[in-house]
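What follows is the content of protein.pdb (PDB, C-alpha atoms and all ligand atoms).
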```pdb
ATOM      1  CA  MET A 251      23.327 -11.165  10.445
ATOM      2  CA  LEU A 252      23.758  -7.483   9.942
ATOM      3  CA  SER A 253      27.149  -6.597   8.621
ATOM      4  CA  VAL A 254      28.856  -3.547   7.290
ATOM      5  CA  ASP A 255      29.954  -3.571   3.687
ATOM      6  CA  PRO A 256      33.774  -3.151   3.784
ATOM      7  CA  GLY A 257      33.388  -0.981   0.722
ATOM      8  CA  SER A 258      31.555   1.568   2.854
ATOM      9  CA  VAL A 259      34.575   2.275   5.117
ATOM     10  CA  PRO A 260      35.573   5.863   4.289
ATOM     11  CA  ALA A 261      39.066   6.673   3.083
ATOM     12  CA  ALA A 262      41.143   9.034   5.259
ATOM     13  CA  GLY A 263      39.844  12.578   5.000
ATOM     14  CA  VAL A 264      36.506  11.492   3.490
ATOM     15  CA  PRO A 265      33.506  12.223   5.734
ATOM     16  CA  ALA A 266      32.007   9.041   7.284
ATOM     17  CA  SER A 267      28.726   7.936   5.742
ATOM     18  CA  PRO A 268      26.073   5.811   7.486
ATOM     19  CA  PRO A 269      26.796   2.054   7.514
ATOM     20  CA  VAL A 270      25.615   0.163   4.436
ATOM     21  CA  PHE A 271      24.045  -3.264   4.963
ATOM     22  CA  ALA A 272      25.910  -5.820   2.892
ATOM     23  CA  SER A 273      22.921  -8.127   2.733
ATOM     24  CA  ALA A 274      19.560  -7.566   1.076
ATOM     25  CA  PRO A 275      16.353  -7.468   3.132
ATOM     26  CA  LEU A 276      14.933 -10.865   4.009
ATOM     27  CA  LEU A 277      11.405  -9.426   3.864
ATOM     28  CA  ARG A 278      10.199  -6.465   1.824
ATOM     29  CA  VAL A 279       6.646  -5.187   2.210
ATOM     30  CA  GLU A 280       5.697  -2.594  -0.383
ATOM     31  CA  GLY A 281       2.527  -0.492  -0.514
ATOM     32  CA  LEU A 282       0.400  -3.059   1.299
ATOM     33  CA  CYS A 283      -3.331  -2.264   1.467
ATOM     34  CA  ARG A 284      -6.251  -4.264   2.837
ATOM     35  CA  SER A 285      -9.759  -3.130   3.685
ATOM     36  CA  PHE A 286     -12.726  -4.815   5.368
ATOM     37  CA  GLY A 287     -15.916  -3.316   3.957
ATOM     38  CA  GLY A 288     -15.422   0.427   4.278
ATOM     39  CA  LEU A 289     -12.586   0.136   6.807
ATOM     40  CA  LEU A 290      -9.044   0.566   5.487
ATOM     41  CA  ALA A 291      -7.272  -1.685   8.018
ATOM     42  CA  VAL A 292      -3.864  -1.554   6.284
ATOM     43  CA  ASP A 293      -3.218   1.597   4.314
ATOM     44  CA  ASP A 294      -0.106   1.734   2.123
ATOM     45  CA  VAL A 295       2.287   0.021   4.545
ATOM     46  CA  SER A 296       5.905  -0.457   3.434
ATOM     47  CA  PHE A 297       8.860  -1.724   5.441
ATOM     48  CA  SER A 298      11.833  -4.081   5.264
ATOM     49  CA  VAL A 299      13.310  -6.602   7.654
ATOM     50  CA  MET A 300      17.026  -7.325   7.365
ATOM     51  CA  PRO A 301      18.368 -10.845   8.014
ATOM     52  CA  GLY A 302      19.167 -11.295  11.687
ATOM     53  CA  GLN A 303      17.089  -8.322  12.781
ATOM     54  CA  ILE A 304      14.497  -8.226  15.537
ATOM     55  CA  LYS A 305      11.957  -5.754  14.187
ATOM     56  CA  ALA A 306       8.879  -4.671  16.116
ATOM     57  CA  VAL A 307       5.569  -3.406  14.760
ATOM     58  CA  ILE A 308       3.708  -1.403  17.376
ATOM     59  CA  GLY A 309       0.576   0.720  17.453
ATOM     60  CA  PRO A 310      -2.694   1.129  19.350
ATOM     61  CA  ASN A 311      -5.505  -1.437  19.235
ATOM     62  CA  GLY A 312      -6.935  -1.721  15.730
ATOM     63  CA  ALA A 313      -3.841  -0.193  14.091
ATOM     64  CA  GLY A 314      -3.636  -3.069  11.589
ATOM     65  CA  LYS A 315      -0.704  -5.038  13.074
ATOM     66  CA  THR A 316      -2.337  -8.480  13.072
ATOM     67  CA  THR A 317      -3.802  -7.835   9.626
ATOM     68  CA  VAL A 318      -0.261  -7.229   8.316
ATOM     69  CA  PHE A 319       0.805 -10.552   9.890
ATOM     70  CA  ASN A 320      -2.238 -12.327   8.424
ATOM     71  CA  ILE A 321      -1.345 -11.063   4.960
ATOM     72  CA  ILE A 322       2.353 -11.996   5.245
ATOM     73  CA  SER A 323       1.492 -15.492   6.490
ATOM     74  CA  GLY A 324      -1.084 -16.071   3.742
ATOM     75  CA  ILE A 325      -4.230 -16.109   5.883
ATOM     76  CA  LEU A 326      -5.493 -12.968   4.119
ATOM     77  CA  ARG A 327      -4.924 -11.701   0.599
ATOM     78  CA  PRO A 328      -3.899  -8.067   0.207
ATOM     79  CA  ASP A 329      -6.031  -5.721  -1.913
ATOM     80  CA  SER A 330      -2.797  -4.350  -3.344
ATOM     81  CA  GLY A 331       0.916  -4.215  -2.628
ATOM     82  CA  ARG A 332       3.856  -6.606  -2.813
ATOM     83  CA  ILE A 333       5.563  -8.852  -0.306
ATOM     84  CA  LEU A 334       8.976 -10.242  -1.217
ATOM     85  CA  PHE A 335      10.586 -12.925   0.935
ATOM     86  CA  SER A 336      14.185 -13.478  -0.137
ATOM     87  CA  ASP A 337      13.106 -11.708  -3.346
ATOM     88  CA  VAL A 338      10.301 -14.247  -3.934
ATOM     89  CA  PRO A 339       6.814 -12.671  -4.233
ATOM     90  CA  ILE A 340       4.610 -14.315  -1.599
ATOM     91  CA  ALA A 341       1.511 -12.099  -1.354
ATOM     92  CA  GLY A 342      -1.566 -14.244  -1.969
ATOM     93  CA  LEU A 343       0.215 -17.600  -1.530
ATOM     94  CA  PRO A 344      -1.609 -20.068   0.746
ATOM     95  CA  PRO A 345      -0.300 -20.394   4.335
ATOM     96  CA  PHE A 346       1.237 -23.861   3.808
ATOM     97  CA  ARG A 347       3.304 -22.539   0.893
ATOM     98  CA  VAL A 348       4.442 -19.495   2.912
ATOM     99  CA  GLY A 349       5.420 -21.909   5.690
ATOM    100  CA  GLU A 350       7.383 -24.110   3.295
ATOM    101  CA  LEU A 351       9.322 -21.059   2.148
ATOM    102  CA  GLY A 352      10.431 -20.432   5.744
ATOM    103  CA  ILE A 353       7.956 -18.126   7.511
ATOM    104  CA  SER A 354       6.359 -19.296  10.740
ATOM    105  CA  ARG A 355       4.170 -17.484  13.247
ATOM    106  CA  THR A 356       2.439 -17.500  16.585
ATOM    107  CA  PHE A 357      -1.062 -16.130  17.114
ATOM    108  CA  GLN A 358      -2.422 -13.315  19.279
ATOM    109  CA  ASN A 359      -5.101 -15.774  20.445
ATOM    110  CA  LEU A 360      -3.209 -19.011  20.846
ATOM    111  CA  SER A 361      -3.709 -21.726  18.245
ATOM    112  CA  LEU A 362      -2.801 -25.031  19.932
ATOM    113  CA  PHE A 363      -4.421 -28.451  20.081
ATOM    114  CA  PRO A 364      -5.627 -28.337  23.713
ATOM    115  CA  ASN A 365      -6.172 -32.075  24.097
ATOM    116  CA  MET A 366      -2.678 -32.947  22.964
ATOM    117  CA  THR A 367       0.454 -32.825  25.100
ATOM    118  CA  ALA A 368       3.060 -30.090  24.760
ATOM    119  CA  ILE A 369       5.430 -32.341  22.812
ATOM    120  CA  GLU A 370       2.676 -33.598  20.489
ATOM    121  CA  ASN A 371       1.833 -29.987  19.614
ATOM    122  CA  VAL A 372       5.476 -29.277  18.806
ATOM    123  CA  MET A 373       5.754 -32.498  16.784
ATOM    124  CA  VAL A 374       2.980 -31.141  14.543
ATOM    125  CA  GLY A 375       5.356 -28.304  13.626
ATOM    126  CA  CYS A 376       8.205 -30.765  12.970
ATOM    127  CA  HIS A 377       6.035 -32.835  10.621
ATOM    128  CA  CYS A 378       5.930 -30.099   8.009
ATOM    129  CA  ARG A 379       9.667 -30.700   7.344
ATOM    130  CA  THR A 380       9.479 -34.487   7.066
ATOM    131  CA  CYS A 381       9.702 -36.600   3.931
ATOM    132  CA  CYS A 382       8.266 -40.033   4.849
ATOM    133  CA  GLY A 383       5.251 -40.620   2.607
ATOM    134  CA  VAL A 384       1.842 -42.060   3.441
ATOM    135  CA  VAL A 385       2.855 -45.538   2.224
ATOM    136  CA  ALA A 386       5.848 -45.777   4.600
ATOM    137  CA  SER A 387       3.666 -44.563   7.470
ATOM    138  CA  VAL A 388       0.705 -46.851   6.787
ATOM    139  CA  LEU A 389       2.956 -49.902   6.261
ATOM    140  CA  ARG A 390       4.973 -48.948   9.358
ATOM    141  CA  LEU A 391       8.253 -49.296   7.446
ATOM    142  CA  PRO A 392      11.491 -48.899   9.442
ATOM    143  CA  ARG A 393      12.067 -45.461   7.996
ATOM    144  CA  HIS A 394       8.696 -44.361   9.444
ATOM    145  CA  TYR A 395       9.889 -45.285  12.956
ATOM    146  CA  ARG A 396      13.292 -43.666  12.388
ATOM    147  CA  GLU A 397      11.611 -40.465  11.287
ATOM    148  CA  GLU A 398       9.144 -40.456  14.217
ATOM    149  CA  ARG A 399      12.092 -40.833  16.623
ATOM    150  CA  ALA A 400      13.923 -37.955  14.929
ATOM    151  CA  ILE A 401      10.773 -35.809  15.113
ATOM    152  CA  ARG A 402      10.347 -36.506  18.827
ATOM    153  CA  ASP A 403      14.034 -35.681  19.474
ATOM    154  CA  ALA A 404      13.696 -32.417  17.555
ATOM    155  CA  ALA A 405      10.484 -31.506  19.395
ATOM    156  CA  GLU A 406      12.229 -32.136  22.739
ATOM    157  CA  LYS A 407      15.053 -29.853  21.645
ATOM    158  CA  HIS A 408      12.631 -27.061  20.709
ATOM    159  CA  LEU A 409      10.736 -27.401  23.990
ATOM    160  CA  ALA A 410      14.057 -27.226  25.853
ATOM    161  CA  ALA A 411      14.972 -24.058  23.933
ATOM    162  CA  VAL A 412      11.926 -22.300  25.419
ATOM    163  CA  GLY A 413      12.507 -23.750  28.903
ATOM    164  CA  MET A 414       9.627 -26.258  28.698
ATOM    165  CA  ALA A 415      11.499 -29.583  28.550
ATOM    166  CA  ASP A 416       9.953 -30.776  31.819
ATOM    167  CA  LYS A 417       6.407 -30.161  30.523
ATOM    168  CA  ALA A 418       6.729 -32.336  27.394
ATOM    169  CA  GLY A 419       4.163 -34.921  28.506
ATOM    170  CA  VAL A 420       1.669 -32.471  30.019
ATOM    171  CA  SER A 421      -1.638 -31.810  28.279
ATOM    172  CA  VAL A 422      -1.690 -28.263  26.918
ATOM    173  CA  ALA A 423      -5.147 -27.681  28.416
ATOM    174  CA  SER A 424      -3.703 -28.008  31.912
ATOM    175  CA  LEU A 425      -0.764 -25.640  31.367
ATOM    176  CA  PRO A 426      -0.894 -22.036  32.608
ATOM    177  CA  PHE A 427      -1.416 -19.463  29.855
ATOM    178  CA  GLY A 428       2.186 -18.230  29.784
ATOM    179  CA  GLN A 429       3.481 -21.776  29.300
ATOM    180  CA  ARG A 430       1.007 -22.386  26.464
ATOM    181  CA  ARG A 431       2.495 -19.367  24.711
ATOM    182  CA  LEU A 432       5.933 -20.975  25.014
ATOM    183  CA  VAL A 433       4.630 -24.261  23.549
ATOM    184  CA  GLU A 434       3.249 -22.317  20.591
ATOM    185  CA  LEU A 435       6.612 -20.616  20.159
ATOM    186  CA  ALA A 436       8.367 -24.016  20.245
ATOM    187  CA  ARG A 437       5.945 -25.309  17.597
ATOM    188  CA  ALA A 438       6.687 -22.304  15.379
ATOM    189  CA  LEU A 439      10.442 -22.942  15.795
ATOM    190  CA  ALA A 440       9.923 -26.614  14.916
ATOM    191  CA  THR A 441       9.056 -25.634  11.348
ATOM    192  CA  GLN A 442      12.659 -24.340  11.060
ATOM    193  CA  PRO A 443      11.679 -20.838   9.949
ATOM    194  CA  ARG A 444      13.988 -18.210   8.560
ATOM    195  CA  LEU A 445      11.474 -15.546   9.605
ATOM    196  CA  LEU A 446       9.408 -15.838  12.781
ATOM    197  CA  LEU A 447       6.308 -13.655  13.258
ATOM    198  CA  LEU A 448       5.315 -13.243  16.910
ATOM    199  CA  ASP A 449       1.905 -11.631  17.542
ATOM    200  CA  GLU A 450       1.781 -10.301  21.119
ATOM    201  CA  PRO A 451       3.903 -13.081  22.641
ATOM    202  CA  ALA A 452       4.024 -11.308  26.034
ATOM    203  CA  SER A 453       0.258 -10.915  26.331
ATOM    204  CA  GLY A 454      -0.857 -12.549  29.584
ATOM    205  CA  LEU A 455       2.704 -13.091  30.843
ATOM    206  CA  ASN A 456       3.903 -11.779  34.208
ATOM    207  CA  THR A 457       7.048  -9.655  34.566
ATOM    208  CA  ARG A 458       9.345 -12.624  35.179
ATOM    209  CA  GLU A 459       7.909 -14.569  32.246
ATOM    210  CA  THR A 460       8.276 -11.495  30.005
ATOM    211  CA  GLY A 461      11.940 -11.207  31.016
ATOM    212  CA  ASP A 462      12.432 -14.898  30.152
ATOM    213  CA  LEU A 463      10.684 -14.312  26.826
ATOM    214  CA  ALA A 464      13.083 -11.469  25.959
ATOM    215  CA  ARG A 465      16.010 -13.815  26.541
ATOM    216  CA  ILE A 466      14.390 -16.555  24.419
ATOM    217  CA  ILE A 467      13.671 -14.137  21.537
ATOM    218  CA  ARG A 468      17.318 -13.031  21.524
ATOM    219  CA  GLN A 469      18.495 -16.651  21.622
ATOM    220  CA  VAL A 470      16.226 -17.481  18.681
ATOM    221  CA  ARG A 471      17.703 -14.579  16.734
ATOM    222  CA  ASP A 472      21.206 -15.726  17.660
ATOM    223  CA  THR A 473      20.478 -19.090  16.011
ATOM    224  CA  GLY A 474      19.953 -17.221  12.732
ATOM    225  CA  VAL A 475      16.177 -16.698  12.782
ATOM    226  CA  THR A 476      14.958 -13.208  11.866
ATOM    227  CA  VAL A 477      12.124 -11.976  14.095
ATOM    228  CA  LEU A 478       9.159  -9.703  13.381
ATOM    229  CA  LEU A 479       7.379  -8.892  16.613
ATOM    230  CA  VAL A 480       3.976  -7.309  17.273
ATOM    231  CA  GLU A 481       3.766  -6.353  20.916
ATOM    232  CA  HIS A 482       2.052  -3.932  23.312
ATOM    233  CA  ASP A 483       4.543  -4.458  26.149
ATOM    234  CA  MET A 484       6.834  -1.500  25.514
ATOM    235  CA  SER A 485       9.505  -2.633  27.967
ATOM    236  CA  LEU A 486       9.917  -5.843  25.923
ATOM    237  CA  VAL A 487       9.816  -3.970  22.600
ATOM    238  CA  MET A 488      12.414  -1.412  23.705
ATOM    239  CA  ASP A 489      14.569  -4.166  25.203
ATOM    240  CA  VAL A 490      14.833  -6.564  22.254
ATOM    241  CA  SER A 491      14.158  -4.604  19.045
ATOM    242  CA  ASP A 492      16.752  -3.342  16.592
ATOM    243  CA  SER A 493      14.123  -1.309  14.766
ATOM    244  CA  ILE A 494      10.501  -0.351  15.392
ATOM    245  CA  LEU A 495       7.709   0.455  12.918
ATOM    246  CA  VAL A 496       4.773   2.403  14.346
ATOM    247  CA  LEU A 497       1.307   2.018  12.790
ATOM    248  CA  ASN A 498      -1.839   4.017  13.532
ATOM    249  CA  TYR A 499      -5.194   3.570  11.793
ATOM    250  CA  GLY A 500      -3.494   1.251   9.318
ATOM    251  CA  LYS A 501      -0.869   3.809   8.270
ATOM    252  CA  PRO A 502       2.859   3.898   9.067
ATOM    253  CA  VAL A 503       3.610   6.781  11.462
ATOM    254  CA  THR A 504       7.367   6.426  11.746
ATOM    255  CA  GLU A 505      10.146   3.863  11.917
ATOM    256  CA  GLY A 506      13.503   3.816  13.704
ATOM    257  CA  PRO A 507      15.646   2.417  16.506
ATOM    258  CA  PRO A 508      14.160   2.211  20.039
ATOM    259  CA  ALA A 509      16.073   5.265  21.317
ATOM    260  CA  GLU A 510      14.461   7.416  18.599
ATOM    261  CA  ILE A 511      10.980   5.935  18.795
ATOM    262  CA  ARG A 512      10.615   6.298  22.563
ATOM    263  CA  ASN A 513      11.224  10.069  22.310
ATOM    264  CA  ASP A 514       9.349  10.708  19.053
ATOM    265  CA  PRO A 515       6.574  13.261  19.691
ATOM    266  CA  GLN A 516       4.355  11.673  16.995
ATOM    267  CA  VAL A 517       4.629   8.293  18.703
ATOM    268  CA  ILE A 518       3.983   9.734  22.141
ATOM    269  CA  SER A 519       0.908  11.483  20.763
ATOM    270  CA  VAL A 520      -0.348   8.239  19.143
ATOM    271  CA  TYR A 521      -0.044   6.508  22.498
ATOM    272  CA  LEU A 522      -1.229   9.406  24.670
ATOM    273  CA  GLY A 523      -3.540   7.924  27.225
ATOM    274  CA  GLY A 524      -2.117   4.466  26.484
ATOM    275  CA  ASP A 525       0.745   2.689  28.184
ATOM    276  CA  PHE A 526       3.595   3.986  26.050
ATOM    277  CA  GLY A 527       4.568   6.935  28.256
ATOM    278  CA  SER A 528       5.048   4.962  31.433
ATOM    279  CA  ALA A 529       6.597   1.925  29.753
ATOM    280  CA  ALA A 530       9.118   4.024  27.896
ATOM    281  CA  ASP A 531      10.309   5.825  31.028
TER     282      ASP A 531
HETATM  283  N1  LIG A 601     -11.486 -10.268   9.412
HETATM  284  C1  LIG A 601     -11.869  -9.010   9.673
HETATM  285  N2  LIG A 601     -13.066  -8.544   9.310
HETATM  286  C2  LIG A 601     -13.439  -7.269   9.548
HETATM  287  N3  LIG A 601     -12.673  -6.366  10.175
HETATM  288  C3  LIG A 601     -11.447  -6.780  10.577
HETATM  289  C4  LIG A 601     -10.982  -8.118  10.347
HETATM  290  N4  LIG A 601      -9.729  -8.222  10.840
HETATM  291  C5  LIG A 601      -9.429  -7.027  11.363
HETATM  292  N5  LIG A 601     -10.454  -6.159  11.208
HETATM  293  C6  LIG A 601     -10.461  -4.750  11.613
HETATM  294  O1  LIG A 601      -9.298  -4.171  11.062
HETATM  295  C7  LIG A 601      -8.725  -3.263  11.992
HETATM  296  C8  LIG A 601      -7.296  -3.690  12.280
HETATM  297  O2  LIG A 601      -7.366  -4.895  13.026
HETATM  298  P1  LIG A 601      -6.069  -5.651  13.533
HETATM  299  O3  LIG A 601      -6.537  -6.881  14.214
HETATM  300  O4  LIG A 601      -5.130  -5.806  12.422
HETATM  301  O5  LIG A 601      -5.484  -4.607  14.587
HETATM  302  P2  LIG A 601      -4.273  -4.770  15.612
HETATM  303  O6  LIG A 601      -3.353  -3.637  15.373
HETATM  304  O7  LIG A 601      -3.734  -6.136  15.543
HETATM  305  O8  LIG A 601      -5.025  -4.518  16.987
HETATM  306  P3  LIG A 601      -4.761  -5.187  18.443
HETATM  307  O9  LIG A 601      -3.591  -4.471  19.017
HETATM  308  O10 LIG A 601      -6.023  -4.900  19.191
HETATM  309  O11 LIG A 601      -4.538  -6.651  18.239
HETATM  310  C9  LIG A 601      -9.621  -3.252  13.218
HETATM  311  O12 LIG A 601     -10.514  -2.167  13.122
HETATM  312  C10 LIG A 601     -10.360  -4.583  13.119
HETATM  313  O13 LIG A 601     -11.621  -4.509  13.729
HETATM  314 MG    MG A 602      -3.632  -7.727  16.834
END
```
What does the file become when written as structure tokens?
Ligand SMILES: Nc1ncnc2c1ncn2[C@@H]1O[C@H](COP(=O)(O)OP(=O)(O)OP(=O)(O)O)[C@@H](O)[C@H]1O
Ligand SMILES: [Mg+2]
Amino acid sequence: MLSVDPGSVPAAGVPASPPVFASAPLLRVEGLCRSFGGLLAVDDVSFSVMPGQIKAVIGPNGAGKTTVFNIISGILRPDSGRILFSDVPIAGLPPFRVGELGISRTFQNLSLFPNMTAIENVMVGCHCRTCCGVVASVLRLPRHYREERAIRDAAEKHLAAVGMADKAGVSVASLPFGQRRLVELARALATQPRLLLLDEPASGLNTRETGDLARIIRQVRDTGVTVLLVEHDMSLVMDVSDSILVLNYGKPVTEGPPAEIRNDPQVISVYLGGDFGSAAD
């Protein structure tokens, strides 16, 4: 969580200085670049995410937000730049390795197994933290059954955390879109991430569902998970974020707390004609 270094408290008569974060960033992105052919999709992007923060990355369509997520999560390699997660360089590592280190994500276009039930999808996420080997599973040893029971219990807990406990046995294909998003979020939580990347989690949700999502994102953060959020719904972004990074044409425009970003003339100009003006009112 964010905390103020006691050493930063000013002595009497000394002018107050801005608070100093006692902890180091959980994620540091430095000078990230990635192009596709002649298109520079991510152009020298740098930012940090502090432990316990909810940080949003916003920007118009094509600004490079998902590409940044794809690079952090190992789906794409950067052309240049560094990514440090808990001071460990992760740029270029394969997705499974990034996941093992504690980064999990959801996708702009959902990535679920449609013919499996909600709980089976979440159990897939739990499996990446299990230790029973192939031999124990194939021979159906007692520890295999114990572990399967523990996985199912954990998956139920994660579904309950996103308000989907009563849909555990329902096939994902028959769930409404908003509920599928919640199953994907539960699956991401099942990997026990330290950093959760959410790519447009409110897309396709109605106003009530978006309000529920805001509450869930805060609850997730309160359990100690740091959140990096890409989102077009400005009411959600302004509601939950501690800090917002604005991208346009792959480049950082500005970064700051919601109260600053919503009134920043550069940001308003980037979004002119978009939905920022009305949403930020
Ligand atoms: N795999 C790819 N191959 C070629 N071009 C790509 C690829 N991925 C992204 N792009 C291009 O890179 C640019 C940034 O795309 P990206 O998906 O990161 O934007 P975004 O900010 O997530 O947009 P949106 O808000 O619409 O999701 C776009 O012009 C896109 O067409
Ligand atoms: Mg995107």
**Message:** Since I can't run it myself right now, could you work out what the PyMOL selection byres (((chain A and resi 374) around 12) and not hetatm) selects here and report it as a VMD selection string?
**Reply:** chain A and resid 362 to 363 366 to 373 375 to 380 398 401 to 402 404 to 405 433 to 434 436 to 441
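With all atoms listed in the file counted, the chains near ligand MG 602 (chain A) contribute these residues within 9 Å: Asn311, Gly312, Ala313, Gly314, Lys315, Thr316, Thr317, Phe319, Phe357, Gln358, Asn359, Asp449, Glu450, Val480 and Glu481 of chain A.
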**Message:** Which residues would end up in the selection if the PyMOL selection byres (((chain A and resi 444) around 7) and not hetatm) were applied here, given that I need the answer as a ChimeraX atom specification?
**Reply:** /A:352-353,442-443,445-446,475-476
What does the file look like for those residues with C-alpha atoms, as a JSON list (two decimals), keeping the file's coordinate frame?
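Generated output (selection-v2.json):
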```
[["chain", "number", "residue", "atom", "x", "y", "z"],
["A", 352, "GLY", "CA", 10.43, -20.43, 5.74],
["A", 353, "ILE", "CA", 7.96, -18.13, 7.51],
["A", 442, "GLN", "CA", 12.66, -24.34, 11.06],
["A", 443, "PRO", "CA", 11.68, -20.84, 9.95],
["A", 445, "LEU", "CA", 11.47, -15.55, 9.60],
["A", 446, "LEU", "CA", 9.41, -15.84, 12.78],
["A", 475, "VAL", "CA", 16.18, -16.70, 12.78],
["A", 476, "THR", "CA", 14.96, -13.21, 11.87]]
```
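The interatomic distance for the pair CA of Pro301 (chain A) and CA of Pro275 (chain A) works out to 6.3 Å.
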**Request:** List the residues selected by the PyMOL selection byres (((chain A and resi 341) around 10) and not hetatm) in the file shown, writing them as an NGL selection string.
**Result:** :A and (279 or 282 or 321-324 or 326-335 or 338-340 or 342-344 or 348)
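Shortest atom-to-atom contact with Gly428 (chain A) among A:Leu277, A:Val477, A:Ile494, A:Leu360: A:Leu360, counting all atoms listed in the file.
Comparing the minimum interatomic distances between ligand LIG 601 (chain A) and each of A:Arg430, A:Arg458, A:Arg284, A:Arg399, counting only C-alpha atoms and all ligand atoms, we find that A:Arg284 sits nearest.
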**Prompt:** CA of Leu495 (chain A) and atom O8 of ligand LIG 601 (chain A) are how many Å apart?
**Reply:** 14.3 Å
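Take atom O11 of ligand LIG 601 (chain A) and CA of Ser453 (chain A): the distance between them is 10.3 Å.
Distance check against ligand LIG 601 (chain A) using all atoms listed in the file: of A:Arg512, A:Arg468, A:His482, A:Lys501, the minimum falls on A:His482.
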Put the listed atoms of ligand LIG 601 (chain A) in a box along x, y and z with 8 Å added on every side and give me the centre and edge lengths in Å to one decimal, as lines of an AutoDock Vina configuration file.
```
center_x = -8.4
center_y = -6.2
center_z = 14.3
size_x = 26.1
size_y = 24.1
size_z = 25.9
```
**Message:** Counting only C-alpha atoms and all ligand atoms, which residue out of A:Gly419, A:Gly281, A:Gly500, A:Pro508 sits closest to ligand LIG 601 (chain A)?
**Reply:** A:Gly500
**Request:** Show me as a VMD selection string the residues that reach within 12 Å of (0.0, 4.1, 15.8), counting only C-alpha atoms and using the file's own coordinates.
**Result:** chain A and resid 292 307 to 315 482 494 to 505 511 514 to 522 524 526
Go ahead and save the residues from that selection, with C-alpha atoms, as a tab-separated table (two decimals), keeping the file's coordinate frame.
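Output saved as selection.tsv:
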```tsv
chain	number	residue	atom	x	y	z
A	292	VAL	CA	-3.86	-1.55	6.28
A	307	VAL	CA	5.57	-3.41	14.76
A	308	ILE	CA	3.71	-1.40	17.38
A	309	GLY	CA	0.58	0.72	17.45
A	310	PRO	CA	-2.69	1.13	19.35
A	311	ASN	CA	-5.50	-1.44	19.24
A	312	GLY	CA	-6.94	-1.72	15.73
A	313	ALA	CA	-3.84	-0.19	14.09
A	314	GLY	CA	-3.64	-3.07	11.59
A	315	LYS	CA	-0.70	-5.04	13.07
A	482	HIS	CA	2.05	-3.93	23.31
A	494	ILE	CA	10.50	-0.35	15.39
A	495	LEU	CA	7.71	0.46	12.92
A	496	VAL	CA	4.77	2.40	14.35
A	497	LEU	CA	1.31	2.02	12.79
A	498	ASN	CA	-1.84	4.02	13.53
A	499	TYR	CA	-5.19	3.57	11.79
A	500	GLY	CA	-3.49	1.25	9.32
A	501	LYS	CA	-0.87	3.81	8.27
A	502	PRO	CA	2.86	3.90	9.07
A	503	VAL	CA	3.61	6.78	11.46
A	504	THR	CA	7.37	6.43	11.75
A	505	GLU	CA	10.15	3.86	11.92
A	511	ILE	CA	10.98	5.94	18.80
A	514	ASP	CA	9.35	10.71	19.05
A	515	PRO	CA	6.57	13.26	19.69
A	516	GLN	CA	4.36	11.67	17.00
A	517	VAL	CA	4.63	8.29	18.70
A	518	ILE	CA	3.98	9.73	22.14
A	519	SER	CA	0.91	11.48	20.76
A	520	VAL	CA	-0.35	8.24	19.14
A	521	TYR	CA	-0.04	6.51	22.50
A	522	LEU	CA	-1.23	9.41	24.67
A	524	GLY	CA	-2.12	4.47	26.48
A	526	PHE	CA	3.60	3.99	26.05
```
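Among A:Pro345, A:Pro451, A:Pro507, A:Gly302, the residue with the shortest atom-to-atom distance to ligand LIG 601 (chain A), counting all atoms listed in the file, is A:Pro451.
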